[in-house]
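Heads up, the thing below is written out as structure tokens.
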Amino acid sequence: MNRRTYRSITALAAVGLFAGAASAPALASGGGGGVTKSGHCSAHSTWKLNAKPDNGRIEVEGEVDSNVAGQHWTWRILHNGGVSAHGRAQTLGPSGSFSVGRRLVNASGADQIGWRAHNPATGESCAGNLTI
Amino acid sequence: MLGRWPSRTSGSAAAARRPRWTRPVIQFVAAGIVALVILLVASGWLTKRAATAEAIVVARSTTQLLATTVVEPALSRGLVQGRTVSIDRFDRLALRRLIVGDVLRIKIWDASGRIVYSDKTQLIGDRFTLGAEERAVLDNGGTAAQVSDLTAPENRYERSFGQLLEVYAQVWVPGGRKLMFEAYYSYADVSRRSAQVLKEFRPITVAGLVIFVALTVPLVWVLARRLDASAAERERLLMAAVEASEHERRRIARDLHDGVVQDLAGISFGASATARELSDRPEVARRLEALGLGVRRSLRTLRSLLVEIYPPDLATEGLAAALDDLLAPAVAAGIDVDLQVADTTGVRPDASALAWRVAQEAVRNAVRHGRPQSIRVTVTVSADLLVLIVVDDGAGFVPASVPRGDHLGLRGLRDLIIEAGGALEIESAPGVGTTVRLEISR
């Protein structure tokens with residue numbers, strides 16, 4: 001297997017994982033102008049995505065709860081299809097979770113917000129989307 | 001019997017009677033206070049202007065620094081194209097590193113007048129017309145500053161900030177596209193800066209002037225005392241001169257009255273009596289009668305002169321009678337005379353004497369220089385004042401053009417009147433006669 005083929009398979013696997021995660025059942029709730037969605041990641045963890053308008057901006061908070069402290073995750077916040085913010089985080093005790101908050105510009109029309117998280121050590125991925 | 005000129009007050013008494021505000025030391029302190037106020041207002045205005053200029057310079061430098069070190073490195077094509085994630089990234093940077101300190105708002109414009117970015121995100125994507133100054137900065141670089149027009153639609157979200165200073169600077173997007181970065185500063189900062197500068201310099205200014213006044217007040221006080229003493233001495237000398245003159249006039253008048261006047265009266269009566277005895281020589285009798293008439297005419301003239309040389313005794317004769325005598329030469333000269341004198345009972349003798357003297361000068365000047373057809377003299381007395389008005393319909397004159405030597409009598413009298421707390425007004429113009437008005441406390 002050459003290097004190019006390996007990369008293609010890896011990319012397809014990642015897409016499949018995210019697609020599977022995205023297709024996992026997600027719960028949605030709203031109130032006070034905000035929208036919250038939550039769901040299961042590809043393994044045992046759960047994710048939650050909350051967005052609410054804030055004076056011309058959108059306050060976004062993404063959360064992953066793995067029940068295991070000390071795990072290292074990479075995360076991304078998507079806004080209208082592009083990566084608005086990304087970074088790394090570590091789950092902390094006692095709940096074994098991490099959360100990330102960012103303020104996004106409230107673009108004209110509906111805003112598509114996405115939350116992605118990936119644990120390179122376990123291969124687990126989380127994906128959630130909402131519209132506000 | 002011949003009267004006397006009123007006794008005068010001494011210089012120190014006059015100084016004591018002078019209103020408090022006319023004293024030189026008080027005038028100097030008042031002038032110092034006025035100067036202090038003017039200095040404070042002027043220095044405040046200049047300081048504010050300088051502080052404003054300085055604040056604008058600082059704002060321009062700050063804006064240029066922000067444009068170069070923060071805005072330009074963060075600009076991207078995505079931001080110019082309106083990509084949401086590019087705006088998100090720039091927004092986070094702007095809130096963290098641009099909307100700090102004195103900067104209340106920022107906007108980034110493209111050449112078409114579109115707001116590419118503003119921390120007031122509702123403005124992003126809106127278009128407005130760029131002003132000439134803004135366009136010049138966008139095209140040519142540099143910075144410019146002006147007070148924000150808060151009525152302009154692009155500034156509608158800034159109205160709650162109050163007065164603002166907006167500063168523009170040119171910025172470049174990677175790839176060579178020019179944008180304009182605009183930062184808004186509160187004008188309150190300018191006022192605050194002005195207040196700081198004033199706070200630093202005002203004590204120096206105020207203390208300097210206060211020390212100056214404090215040091216010079218004693219000097220002025222000493223000078224004022226010397227001036228008062230000098231004025232008192234001058235007045236004493238003037239009084240001595242006037243009294244000497246009065247004494248001399250009294251002596252001349254007495255000599256004339258007791259000598260020449262009595263002799264002329266005797267001659268007149270003798271000539272008339274002799275003329276009556278020469279009924280058989282009518283021609284000689286007529287000549288003697290004519291001689292007696294001439295002597296009596298001269299006698300009347302001499303008595304008028306005596307009245308002028310020395311005033312009558314007002315206490316004995318009363319002001320009305322004295323003024324009547326005063327007007328006798330005018331009547332003899334064919335001038336229509338009208339005299340109205342109120343009851344002067346209870347009027348101070350020196351006030352009556354001053355009135356008589358002013359009337360004497362006014363009538364004398366009118367007869368000598370004005371050639372009037374009528375003279376009207378009125379004396380009214382109220383609860384507090386005696387008012388004398390002498391009006392003639394003579395030639396009149398321009399008061400300012402009268403040489404110092406002329407009308408010296410009224411000029412000299414004015415000083416005495418002021419010293420006595422009165423006021424003298426002379427109104428005249430060529431062709432409209434002259435009005436002399438004296439007001440003096442009764």
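Going through the structure tokens in order, the chains are called A, B, and so on, while each chain numbers its residues from 1 and the ligands are numbered from 1 in the order shown.
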
Just need the residues of chain A within 10 Å of chain B, counting only C-alpha atoms, so spit them out as a VMD selection string. chain A and resid 55 to 57 77 to 85 102 to 108 111

With only C-alpha atoms as the basis for distance, which of A:Val64, A:Ile58, A:Ala127, A:Val35 is at the shortest distance from Gln90 in chain A? A:Val64

When DSSP is applied to the backbone of this structure, which of range 65-94 of chain A are assigned strand (DSSP E)? Write them out as a count of residues only. 18

Neighbours of Gly123 in chain A within 9 Å (only C-alpha atoms; same-chain residues fewer than 3 positions away dropped), as a tab-separated table (two decimals) with C-alpha atoms, in the first residue's frame?
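Okay, selection-v3.tsv is ready:
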```tsv
chain	number	residue	atom	x	y	z
A	42	SER	CA	-18.91	7.09	18.16
A	43	ALA	CA	-18.03	5.17	21.39
A	118	HIS	CA	-11.88	13.64	18.13
A	119	ASN	CA	-9.86	11.56	20.54
A	120	PRO	CA	-6.74	10.41	18.63
```

Using only C-alpha atoms, can you tell me which of A:Val60, A:Glu124, A:Ser45, A:Ala117 comes closest to Gly96 in chain A? A:Ser45

Atom-to-atom span, CA of Val331 in chain B and CA of Glu317 in chain B, Å: 19.8 Å
